[in-house]
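Pasting model.cif here (mmCIF, C-alpha atoms and all ligand atoms):
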```cif
data_start
loop_
_atom_site.label_atom_id
_atom_site.label_comp_id
_atom_site.auth_asym_id
_atom_site.auth_seq_id
_atom_site.Cartn_x
_atom_site.Cartn_y
_atom_site.Cartn_z
CA MET A 204 5.31 20.72 -24.52
CA GLN A 205 5.06 18.06 -27.23
CA LYS A 206 5.69 14.55 -25.98
CA ASP A 207 8.31 12.56 -27.88
CA PRO A 208 6.29 9.60 -29.28
CA ARG A 209 9.30 7.35 -28.74
CA ASN A 210 9.46 7.89 -25.00
CA GLN A 211 7.03 5.28 -23.76
CA THR A 212 8.68 2.40 -25.61
CA GLN A 213 12.18 3.66 -24.87
CA ASN A 214 11.45 4.02 -21.17
CA LEU A 215 9.97 0.55 -20.98
CA LEU A 216 12.90 -1.02 -22.80
CA ALA A 217 15.41 0.92 -20.71
CA ALA A 218 13.73 -0.27 -17.52
CA ARG A 219 13.54 -3.92 -18.58
CA GLN A 220 16.88 -3.92 -20.38
CA GLN A 221 18.72 -4.32 -17.09
CA CYS A 222 17.78 -7.99 -17.37
CA TYR A 223 18.35 -8.21 -21.14
CA PRO A 224 21.21 -6.02 -22.40
CA LEU A 225 20.85 -5.32 -26.14
CA PRO A 226 23.95 -5.10 -28.35
CA PHE A 227 24.18 -2.14 -30.78
CA TYR A 228 25.48 -3.81 -33.93
CA LEU A 229 24.16 -7.09 -35.24
CA HIS A 230 24.98 -9.57 -37.96
CA LEU A 231 21.90 -11.11 -39.66
CA CYS A 232 22.17 -14.35 -37.69
CA ARG A 233 22.49 -12.46 -34.39
CA CYS A 234 19.54 -10.16 -35.01
CA PHE A 235 17.20 -13.13 -34.64
CA GLU A 236 18.61 -13.71 -31.15
CA VAL A 237 17.79 -10.11 -30.34
CA PHE A 238 14.24 -10.49 -31.61
CA LYS A 239 13.78 -13.26 -29.05
CA VAL A 240 14.95 -10.88 -26.33
CA ILE A 241 12.58 -8.17 -27.56
CA HIS A 242 9.74 -10.70 -27.48
CA LYS A 243 10.48 -11.28 -23.80
CA LEU A 244 10.47 -7.54 -23.14
CA VAL A 245 7.26 -6.85 -25.05
CA ASP A 246 4.87 -9.57 -24.00
CA SER A 247 1.44 -8.23 -23.12
CA GLN A 248 -1.44 -6.74 -25.06
CA GLU A 249 -0.71 -3.33 -23.47
CA ASP A 250 2.91 -3.55 -24.61
CA ILE A 251 1.89 -4.33 -28.19
CA LEU A 252 -0.55 -1.43 -28.19
CA MET A 253 2.10 0.93 -26.82
CA VAL A 254 4.86 -0.16 -29.21
CA ALA A 255 2.59 -0.13 -32.28
CA THR A 256 1.34 3.35 -31.33
CA ASP A 257 4.88 4.66 -30.86
CA VAL A 258 6.02 3.17 -34.17
CA ILE A 259 3.11 4.78 -36.04
CA LYS A 260 3.74 8.17 -34.42
CA GLU A 261 7.44 7.93 -35.11
CA PHE A 262 6.83 7.31 -38.82
CA ALA A 263 4.26 10.13 -38.90
CA ALA A 264 6.82 12.45 -37.25
CA ASP A 265 9.20 11.53 -40.10
CA ASN A 266 6.48 12.69 -42.53
CA VAL A 267 5.67 9.20 -43.85
CA LYS A 268 2.16 9.27 -45.34
CA TYR A 269 1.53 5.56 -45.97
CA LEU A 270 2.81 2.79 -43.74
CA GLU A 271 2.38 -0.97 -43.89
CA LEU A 272 3.18 -2.41 -40.48
CA ARG A 273 4.15 -6.06 -40.30
CA SER A 274 4.20 -8.12 -37.14
CA THR A 275 3.90 -11.76 -36.07
CA PRO A 276 0.97 -12.53 -33.74
CA ARG A 277 2.25 -14.18 -30.56
CA ALA A 278 0.61 -15.89 -27.60
CA GLU A 279 2.22 -15.48 -24.14
CA LYS A 280 0.89 -17.67 -21.38
CA ASP A 281 2.27 -15.53 -18.55
CA THR A 282 0.43 -12.38 -19.55
CA GLY A 283 -2.62 -14.00 -21.16
CA LEU A 284 -1.72 -12.56 -24.56
CA THR A 285 -3.36 -14.48 -27.40
CA LYS A 286 -2.69 -14.21 -31.13
CA LYS A 287 -6.12 -12.70 -31.59
CA ASN A 288 -5.50 -10.10 -28.82
CA TYR A 289 -2.21 -9.33 -30.50
CA VAL A 290 -3.81 -8.47 -33.83
CA GLU A 291 -6.54 -6.54 -32.02
CA ALA A 292 -3.89 -4.47 -30.21
CA VAL A 293 -2.20 -3.48 -33.48
CA ILE A 294 -5.56 -2.60 -35.04
CA LYS A 295 -6.48 -0.57 -31.95
CA ALA A 296 -3.20 1.36 -32.22
CA ILE A 297 -3.94 2.15 -35.87
CA GLN A 298 -7.49 3.24 -35.07
CA GLN A 299 -6.50 5.35 -32.07
CA CYS A 300 -3.85 7.18 -34.10
CA LYS A 301 -6.44 7.83 -36.79
CA ASP A 302 -8.93 9.14 -34.20
CA GLU A 303 -6.24 11.43 -32.77
CA GLY A 304 -5.67 12.83 -36.26
CA VAL A 305 -2.12 11.48 -36.65
CA ASP A 306 -1.36 12.32 -40.28
CA ILE A 307 -0.52 8.88 -41.68
CA ASP A 308 -2.43 6.10 -43.40
CA VAL A 309 -1.56 2.75 -41.80
CA ARG A 310 -2.32 -0.83 -42.85
CA PHE A 311 -1.36 -4.11 -41.22
CA LEU A 312 0.31 -7.21 -42.69
CA VAL A 313 -0.07 -10.21 -40.40
CA ALA A 314 3.27 -12.02 -40.39
CA ILE A 315 4.06 -15.71 -40.68
CA ASP A 316 7.30 -16.72 -38.98
CA ARG A 317 8.77 -19.33 -41.34
CA ARG A 318 10.34 -21.28 -38.49
CA ASN A 319 6.89 -22.27 -37.18
CA GLY A 320 5.96 -24.47 -40.14
CA THR A 321 2.90 -25.33 -42.19
CA GLU A 322 0.23 -25.61 -39.53
CA VAL A 323 0.96 -22.33 -37.75
CA ALA A 324 1.23 -20.59 -41.13
CA MET A 325 -2.25 -21.84 -42.02
CA GLU A 326 -3.63 -20.65 -38.65
CA THR A 327 -2.06 -17.24 -39.22
CA VAL A 328 -3.70 -16.96 -42.63
CA LYS A 329 -7.08 -17.83 -41.12
CA LEU A 330 -6.58 -15.13 -38.49
CA ALA A 331 -5.63 -12.61 -41.16
CA GLU A 332 -8.68 -13.55 -43.26
CA GLU A 333 -10.93 -13.03 -40.25
CA PHE A 334 -9.44 -9.60 -39.55
CA MET A 335 -9.38 -8.61 -43.21
CA LEU A 336 -13.17 -8.83 -43.05
CA SER A 337 -13.68 -7.31 -39.60
CA SER A 338 -11.06 -4.53 -39.48
CA GLY A 339 -12.61 -2.20 -42.02
CA GLY A 340 -9.78 -2.73 -44.49
CA LEU A 341 -6.90 -2.25 -42.05
CA VAL A 342 -5.57 -5.80 -42.43
CA VAL A 343 -4.47 -6.02 -46.05
CA GLY A 344 -2.05 -8.88 -46.29
CA ILE A 345 0.41 -11.47 -45.11
CA ASP A 346 4.13 -11.01 -44.56
CA LEU A 347 6.48 -13.98 -44.71
CA SER A 348 9.48 -13.44 -42.48
CA GLY A 349 11.64 -15.06 -39.82
CA ASP A 350 15.16 -16.46 -39.78
CA PRO A 351 15.84 -17.29 -43.46
CA THR A 352 18.12 -20.18 -42.51
CA VAL A 353 15.29 -22.01 -40.75
CA GLY A 354 12.28 -23.72 -42.34
CA ARG A 355 11.41 -24.33 -45.98
CA GLY A 356 9.45 -21.92 -48.14
CA ARG A 357 7.98 -24.94 -49.93
CA ASP A 358 6.11 -25.98 -46.76
CA LEU A 359 4.44 -22.60 -46.53
CA LEU A 360 3.12 -22.46 -50.10
CA PRO A 361 -0.37 -23.85 -49.30
CA ALA A 362 -0.89 -21.16 -46.65
CA LEU A 363 0.41 -18.41 -48.92
CA GLU A 364 -1.77 -19.61 -51.80
CA LYS A 365 -4.80 -19.68 -49.52
CA ALA A 366 -4.05 -16.12 -48.43
CA ARG A 367 -3.71 -14.90 -52.00
CA ASN A 368 -6.94 -16.65 -53.03
CA SER A 369 -8.87 -14.93 -50.29
CA GLY A 370 -7.67 -11.50 -51.38
CA LEU A 371 -4.79 -10.91 -48.97
CA LYS A 372 -1.69 -9.28 -50.48
CA LEU A 373 1.65 -11.08 -50.13
CA SER A 374 4.81 -9.46 -48.87
CA LEU A 375 7.58 -12.05 -48.84
CA HIS A 376 11.06 -11.90 -47.36
CA MET A 377 13.16 -14.01 -49.73
CA SER A 378 16.75 -14.67 -50.88
CA GLU A 379 18.15 -13.11 -47.71
CA VAL A 380 20.87 -15.77 -47.59
CA PRO A 381 22.75 -17.54 -50.43
CA SER A 382 21.63 -20.84 -52.00
CA GLN A 383 17.88 -20.35 -51.88
CA ARG A 384 17.37 -20.25 -55.64
CA GLU A 385 14.78 -23.02 -55.68
CA GLU A 386 12.80 -21.47 -52.85
CA SER A 387 12.98 -18.06 -54.50
CA GLU A 388 11.62 -19.56 -57.77
CA LEU A 389 8.69 -21.08 -55.88
CA LEU A 390 7.88 -17.88 -54.01
CA LEU A 391 8.16 -15.75 -57.15
CA ASN A 392 5.64 -18.05 -58.84
CA LEU A 393 2.94 -17.04 -56.36
CA PRO A 394 3.73 -14.09 -57.15
CA PRO A 395 4.45 -11.73 -54.24
CA ASP A 396 3.13 -8.16 -54.18
CA ARG A 397 6.23 -7.03 -52.30
CA ILE A 398 9.67 -8.57 -51.78
CA GLY A 399 11.60 -8.19 -48.53
CA HIS A 400 15.35 -7.77 -49.06
CA GLY A 401 15.98 -10.21 -51.96
CA THR A 402 19.71 -9.59 -51.50
CA PHE A 403 20.84 -12.88 -53.08
CA LEU A 404 18.56 -12.87 -56.12
CA HIS A 405 21.34 -11.29 -58.19
CA PRO A 406 23.69 -13.64 -60.15
CA GLU A 407 26.76 -12.00 -58.58
CA MET A 408 25.36 -12.99 -55.19
CA GLY A 409 24.67 -16.60 -56.14
CA GLY A 410 21.20 -16.03 -57.60
CA SER A 411 20.51 -15.97 -61.33
CA GLN A 412 19.67 -13.59 -64.16
CA SER A 413 16.33 -15.34 -64.65
CA LEU A 414 15.36 -14.56 -61.03
CA VAL A 415 16.31 -10.92 -61.49
CA ASP A 416 14.40 -10.79 -64.80
CA ARG A 417 11.29 -12.17 -63.14
CA VAL A 418 11.47 -9.60 -60.36
CA VAL A 419 11.93 -6.80 -62.88
CA ASP A 420 9.00 -8.23 -64.88
CA LEU A 421 6.77 -8.32 -61.83
CA TYR A 422 7.48 -4.83 -60.64
CA ILE A 423 7.94 -3.01 -63.94
CA THR A 424 4.55 -4.43 -65.00
CA ASN A 425 3.04 -3.18 -61.75
CA LEU A 426 4.59 0.21 -62.29
CA LEU A 427 3.23 0.42 -65.86
CA LEU A 428 -0.22 -0.52 -64.58
CA LEU A 429 -0.03 2.25 -62.02
CA VAL A 430 1.05 4.74 -64.68
CA ASP A 431 -1.79 3.55 -66.93
CA LEU A 432 -4.27 4.13 -64.14
CA GLY A 433 -2.88 7.62 -63.74
CA GLU A 434 -1.84 6.97 -60.14
C1 LIG B 1 16.68 -8.79 -41.06
N1 LIG B 1 15.75 -9.40 -41.94
C2 LIG B 1 14.65 -10.10 -41.57
N2 LIG B 1 14.33 -11.18 -42.31
C3 LIG B 1 13.29 -11.95 -41.99
N3 LIG B 1 12.49 -11.73 -40.93
C4 LIG B 1 12.75 -10.65 -40.17
C5 LIG B 1 13.83 -9.79 -40.46
N4 LIG B 1 13.83 -8.82 -39.54
C6 LIG B 1 12.79 -9.10 -38.70
N5 LIG B 1 12.15 -10.21 -39.07
C7 LIG B 1 10.99 -10.87 -38.42
O1 LIG B 1 10.37 -9.97 -37.54
C8 LIG B 1 10.27 -10.54 -36.25
C9 LIG B 1 10.28 -9.46 -35.21
O2 LIG B 1 9.13 -8.66 -35.35
P1 LIG B 1 7.65 -9.20 -34.98
O3 LIG B 1 7.75 -10.04 -33.76
O4 LIG B 1 7.14 -9.95 -36.16
O5 LIG B 1 6.86 -7.92 -34.77
C10 LIG B 1 11.44 -11.48 -36.17
O6 LIG B 1 11.28 -12.46 -35.18
C11 LIG B 1 11.43 -12.06 -37.58
O7 LIG B 1 10.46 -13.07 -37.68
#
```
Would you encode the structure as structure tokens?
Amino acid sequence: MQKDPRNQTQNLLAARQQCYPLPFYLHLCRCFEVFKVIHKLVDSQEDILMVATDVIKEFAADNVKYLELRSTPRAEKDTGLTKKNYVEAVIKAIQQCKDEGVDIDVRFLVAIDRRNGTEVAMETVKLAEEFMLSSGGLVVGIDLSGDPTVGRGRDLLPALEKARNSGLKLSLHMSEVPSQREESELLLNLPPDRIGHGTFLHPEMGGSQSLVDRVVDLYITNLLLLVDLGE
């Protein structure tokens, strides 16, 4: 009988959920509270390996052929998890799935949580650079994420620029809440290779036509390049 790839993670969460009940429906601001709960539930290198493996197999079961996983390296004193172990666990999950013949091509974006500021962002980029070189091409970029109402994109620019200069791709969550026009301008200047959400870039949502035009410019140009290359 085929094992449901979701079972391991679901069983673990069900067992530990007795201490941390999870609500079903979440507003944006509440989902960041839930992420904190999930971080308490999933806090060892074994947990990260298990969850990453289940996620990969779940996408493969849905017939996805190319997947970019994003996740924020965390250290947990109680279990001895380090940020380096964390990245290693995700890479191990990708490699093991490949070795088992799971039919999906997976890459990893090491995530910066914007709430942690400039210094941590820089450390994360250094970690990603190290793994970009040692993971045989599995680590391909940086993701900028985290509660959009906390921290300033401006403070993270040096880390993001460093990442881009060393060849890491940039996937940036931006304009997820209103009134971030200036930050969105700065981030679009980098420019990002992918945009996460971007809900409030549109003028009707408090953004501006020039922001929308720049996004269209970025991605239509990419698309034309792809077409030119016959991809
Ligand atoms: C809803 N829109 C969103 N906007 C921004 N960041 C988000 C997000 N959804 C998730 N995250 C980011 O992903 C983390 C959880 O996964 P990892 O611990 O990294 O694997 C959250 O803590 C947040 O930083």
Point-to-point distance from atom CA of Phe403 of chain A to atom CA of Arg367 of chain A, Å rounded to tenths
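Going from atom CA of Phe403 of chain A over to atom CA of Arg367 of chain A covers 24.7 Å.
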Around ligand LIG 1 (chain B), out to 7 Å and counting all atoms listed in the file, which residues are there? I want them as a PyMOL selection string.
chain A and resi 231+234-235+238-239+242+273-275+314+316+348-351+376+379
Could you work out how far atom CA of Val254 of chain A lies from atom CA of Gly304 of chain A, giving the answer in Å with one decimal?
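If I compute the distance from atom CA of Gly304 of chain A to atom CA of Val254 of chain A, I get 18.1 Å.
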What's around segment 245-248 of chain A at 8 Å? Count all atoms listed in the file, leave out sequence neighbours fewer than 4 positions away in its own chain, and write the answer as a PDB file with C-alpha atoms, in the coordinates of the input.
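Here's the written file result.pdb:
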```pdb
ATOM      1  CA  ILE A 241      12.580  -8.170 -27.560  1.00  0.00           C
ATOM      2  CA  LEU A 252      -0.550  -1.430 -28.190  1.00  0.00           C
ATOM      3  CA  GLU A 279       2.220 -15.480 -24.140  1.00  0.00           C
ATOM      4  CA  THR A 282       0.430 -12.380 -19.550  1.00  0.00           C
ATOM      5  CA  GLY A 283      -2.620 -14.000 -21.160  1.00  0.00           C
ATOM      6  CA  LEU A 284      -1.720 -12.560 -24.560  1.00  0.00           C
ATOM      7  CA  ASN A 288      -5.500 -10.100 -28.820  1.00  0.00           C
ATOM      8  CA  TYR A 289      -2.210  -9.330 -30.500  1.00  0.00           C
ATOM      9  CA  ALA A 292      -3.890  -4.470 -30.210  1.00  0.00           C
TER      10      ALA A 292
END
```
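Distance annotation: of A:Lys280, A:Arg318, A:Arg310, A:Lys268, the residue with the minimal separation from Gly356 of chain A is A:Arg318; atom set is only C-alpha atoms.
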Please determine, counting all atoms listed in the file, which residue among A:Asp265, A:Ser382, A:Ala324, A:Leu421 has the shortest atom-to-atom distance to Leu404 of chain A.
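Nearest candidate to Leu404 of chain A out of A:Asp265, A:Ser382, A:Ala324, A:Leu421: A:Ser382.
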Using all atoms listed in the file: which of A:Asn266, A:Asn214, A:Asn319, A:Ser337 has the shortest distance to Asp306 of chain A
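The closest residue to Asp306 of chain A is A:Asn266.
Among the candidates A:Ala278, A:Cys232, A:Leu390, A:Ile251, the one nearest to Leu414 of chain A when counting only C-alpha atoms is A:Leu390.
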Length of the atom CA of Ala366 of chain A to atom CA of His400 of chain A vector [Å]:
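Distance between the two atoms: 21.1 Å.
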Fill-in result for segment 257-268 of chain A, all heavy atoms as a PDB file, in the frame of the given file:
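Okay, this is what ended up in selection09.pdb:
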```pdb
ATOM      1  N   ASP A 257       3.635   3.884 -30.759  1.00  0.00           N
ATOM      2  CA  ASP A 257       4.880   4.660 -30.860  1.00  0.00           C
ATOM      3  C   ASP A 257       5.494   4.563 -32.260  1.00  0.00           C
ATOM      4  O   ASP A 257       5.987   5.545 -32.805  1.00  0.00           O
ATOM      5  CB  ASP A 257       5.908   4.184 -29.818  1.00  0.00           C
ATOM      6  CG  ASP A 257       5.589   4.731 -28.430  1.00  0.00           C
ATOM      7  OD1 ASP A 257       4.622   5.509 -28.304  1.00  0.00           O
ATOM      8  OD2 ASP A 257       6.305   4.384 -27.473  1.00  0.00           O
ATOM      9  N   VAL A 258       5.447   3.352 -32.825  1.00  0.00           N
ATOM     10  CA  VAL A 258       6.020   3.170 -34.170  1.00  0.00           C
ATOM     11  C   VAL A 258       5.258   4.037 -35.183  1.00  0.00           C
ATOM     12  O   VAL A 258       5.848   4.745 -36.001  1.00  0.00           O
ATOM     13  CB  VAL A 258       5.997   1.684 -34.589  1.00  0.00           C
ATOM     14  CG1 VAL A 258       6.297   1.524 -36.073  1.00  0.00           C
ATOM     15  CG2 VAL A 258       6.993   0.885 -33.765  1.00  0.00           C
ATOM     16  N   ILE A 259       3.930   3.998 -35.099  1.00  0.00           N
ATOM     17  CA  ILE A 259       3.110   4.780 -36.040  1.00  0.00           C
ATOM     18  C   ILE A 259       3.431   6.270 -35.903  1.00  0.00           C
ATOM     19  O   ILE A 259       3.669   6.974 -36.887  1.00  0.00           O
ATOM     20  CB  ILE A 259       1.604   4.516 -35.793  1.00  0.00           C
ATOM     21  CG1 ILE A 259       1.260   3.065 -36.137  1.00  0.00           C
ATOM     22  CG2 ILE A 259       0.742   5.481 -36.599  1.00  0.00           C
ATOM     23  CD1 ILE A 259      -0.129   2.616 -35.691  1.00  0.00           C
ATOM     24  N   LYS A 260       3.497   6.734 -34.634  1.00  0.00           N
ATOM     25  CA  LYS A 260       3.740   8.170 -34.420  1.00  0.00           C
ATOM     26  C   LYS A 260       5.148   8.570 -34.864  1.00  0.00           C
ATOM     27  O   LYS A 260       5.357   9.676 -35.345  1.00  0.00           O
ATOM     28  CB  LYS A 260       3.498   8.523 -32.952  1.00  0.00           C
ATOM     29  CG  LYS A 260       2.018   8.428 -32.598  1.00  0.00           C
ATOM     30  CD  LYS A 260       1.705   8.931 -31.226  1.00  0.00           C
ATOM     31  CE  LYS A 260       0.189   8.890 -31.001  1.00  0.00           C
ATOM     32  NZ  LYS A 260      -0.178   9.253 -29.636  1.00  0.00           N
ATOM     33  N   GLU A 261       6.069   7.640 -34.698  1.00  0.00           N
ATOM     34  CA  GLU A 261       7.440   7.930 -35.110  1.00  0.00           C
ATOM     35  C   GLU A 261       7.518   8.080 -36.645  1.00  0.00           C
ATOM     36  O   GLU A 261       8.157   8.999 -37.151  1.00  0.00           O
ATOM     37  CB  GLU A 261       8.361   6.813 -34.624  1.00  0.00           C
ATOM     38  CG  GLU A 261       9.820   7.175 -34.764  1.00  0.00           C
ATOM     39  CD  GLU A 261      10.734   6.156 -34.095  1.00  0.00           C
ATOM     40  OE1 GLU A 261      10.298   5.507 -33.121  1.00  0.00           O
ATOM     41  OE2 GLU A 261      11.868   6.014 -34.549  1.00  0.00           O
ATOM     42  N   PHE A 262       6.837   7.190 -37.355  1.00  0.00           N
ATOM     43  CA  PHE A 262       6.830   7.310 -38.820  1.00  0.00           C
ATOM     44  C   PHE A 262       6.112   8.602 -39.241  1.00  0.00           C
ATOM     45  O   PHE A 262       6.556   9.289 -40.163  1.00  0.00           O
ATOM     46  CB  PHE A 262       6.178   6.090 -39.471  1.00  0.00           C
ATOM     47  CG  PHE A 262       7.158   4.965 -39.685  1.00  0.00           C
ATOM     48  CD1 PHE A 262       7.237   3.907 -38.790  1.00  0.00           C
ATOM     49  CD2 PHE A 262       8.009   4.959 -40.781  1.00  0.00           C
ATOM     50  CE1 PHE A 262       8.150   2.873 -38.975  1.00  0.00           C
ATOM     51  CE2 PHE A 262       8.929   3.937 -40.984  1.00  0.00           C
ATOM     52  CZ  PHE A 262       8.993   2.886 -40.075  1.00  0.00           C
ATOM     53  N   ALA A 263       5.001   8.903 -38.557  1.00  0.00           N
ATOM     54  CA  ALA A 263       4.260  10.130 -38.900  1.00  0.00           C
ATOM     55  C   ALA A 263       5.145  11.349 -38.661  1.00  0.00           C
ATOM     56  O   ALA A 263       5.159  12.281 -39.479  1.00  0.00           O
ATOM     57  CB  ALA A 263       2.982  10.217 -38.076  1.00  0.00           C
ATOM     58  N   ALA A 264       5.929  11.321 -37.556  1.00  0.00           N
ATOM     59  CA  ALA A 264       6.820  12.450 -37.250  1.00  0.00           C
ATOM     60  C   ALA A 264       7.892  12.597 -38.336  1.00  0.00           C
ATOM     61  O   ALA A 264       8.400  13.686 -38.574  1.00  0.00           O
ATOM     62  CB  ALA A 264       7.468  12.250 -35.879  1.00  0.00           C
ATOM     63  N   ASP A 265       8.231  11.486 -38.986  1.00  0.00           N
ATOM     64  CA  ASP A 265       9.200  11.530 -40.100  1.00  0.00           C
ATOM     65  C   ASP A 265       8.517  11.882 -41.421  1.00  0.00           C
ATOM     66  O   ASP A 265       9.100  11.738 -42.491  1.00  0.00           O
ATOM     67  CB  ASP A 265       9.905  10.167 -40.258  1.00  0.00           C
ATOM     68  CG  ASP A 265      10.975   9.958 -39.195  1.00  0.00           C
ATOM     69  OD1 ASP A 265      11.363  10.953 -38.556  1.00  0.00           O
ATOM     70  OD2 ASP A 265      11.413   8.805 -39.019  1.00  0.00           O
ATOM     71  N   ASN A 266       7.223  12.249 -41.349  1.00  0.00           N
ATOM     72  CA  ASN A 266       6.480  12.690 -42.530  1.00  0.00           C
ATOM     73  C   ASN A 266       6.109  11.568 -43.496  1.00  0.00           C
ATOM     74  O   ASN A 266       5.851  11.812 -44.675  1.00  0.00           O
ATOM     75  CB  ASN A 266       7.282  13.759 -43.278  1.00  0.00           C
ATOM     76  CG  ASN A 266       6.393  14.914 -43.662  1.00  0.00           C
ATOM     77  OD1 ASN A 266       5.266  15.011 -43.159  1.00  0.00           O
ATOM     78  ND2 ASN A 266       6.861  15.750 -44.569  1.00  0.00           N
ATOM     79  N   VAL A 267       6.123  10.317 -43.012  1.00  0.00           N
ATOM     80  CA  VAL A 267       5.670   9.200 -43.850  1.00  0.00           C
ATOM     81  C   VAL A 267       4.144   9.287 -43.940  1.00  0.00           C
ATOM     82  O   VAL A 267       3.471   9.527 -42.939  1.00  0.00           O
ATOM     83  CB  VAL A 267       6.105   7.853 -43.217  1.00  0.00           C
ATOM     84  CG1 VAL A 267       5.470   6.671 -43.934  1.00  0.00           C
ATOM     85  CG2 VAL A 267       7.627   7.740 -43.237  1.00  0.00           C
ATOM     86  N   LYS A 268       3.605   9.119 -45.148  1.00  0.00           N
ATOM     87  CA  LYS A 268       2.160   9.270 -45.340  1.00  0.00           C
ATOM     88  C   LYS A 268       1.443   7.939 -45.462  1.00  0.00           C
ATOM     89  O   LYS A 268       0.233   7.852 -45.252  1.00  0.00           O
ATOM     90  CB  LYS A 268       1.869  10.119 -46.588  1.00  0.00           C
ATOM     91  CG  LYS A 268       2.393  11.526 -46.488  1.00  0.00           C
ATOM     92  CD  LYS A 268       1.719  12.271 -45.335  1.00  0.00           C
ATOM     93  CE  LYS A 268       2.410  13.599 -45.041  1.00  0.00           C
ATOM     94  NZ  LYS A 268       2.127  14.072 -43.680  1.00  0.00           N
TER      95      LYS A 268
END
```
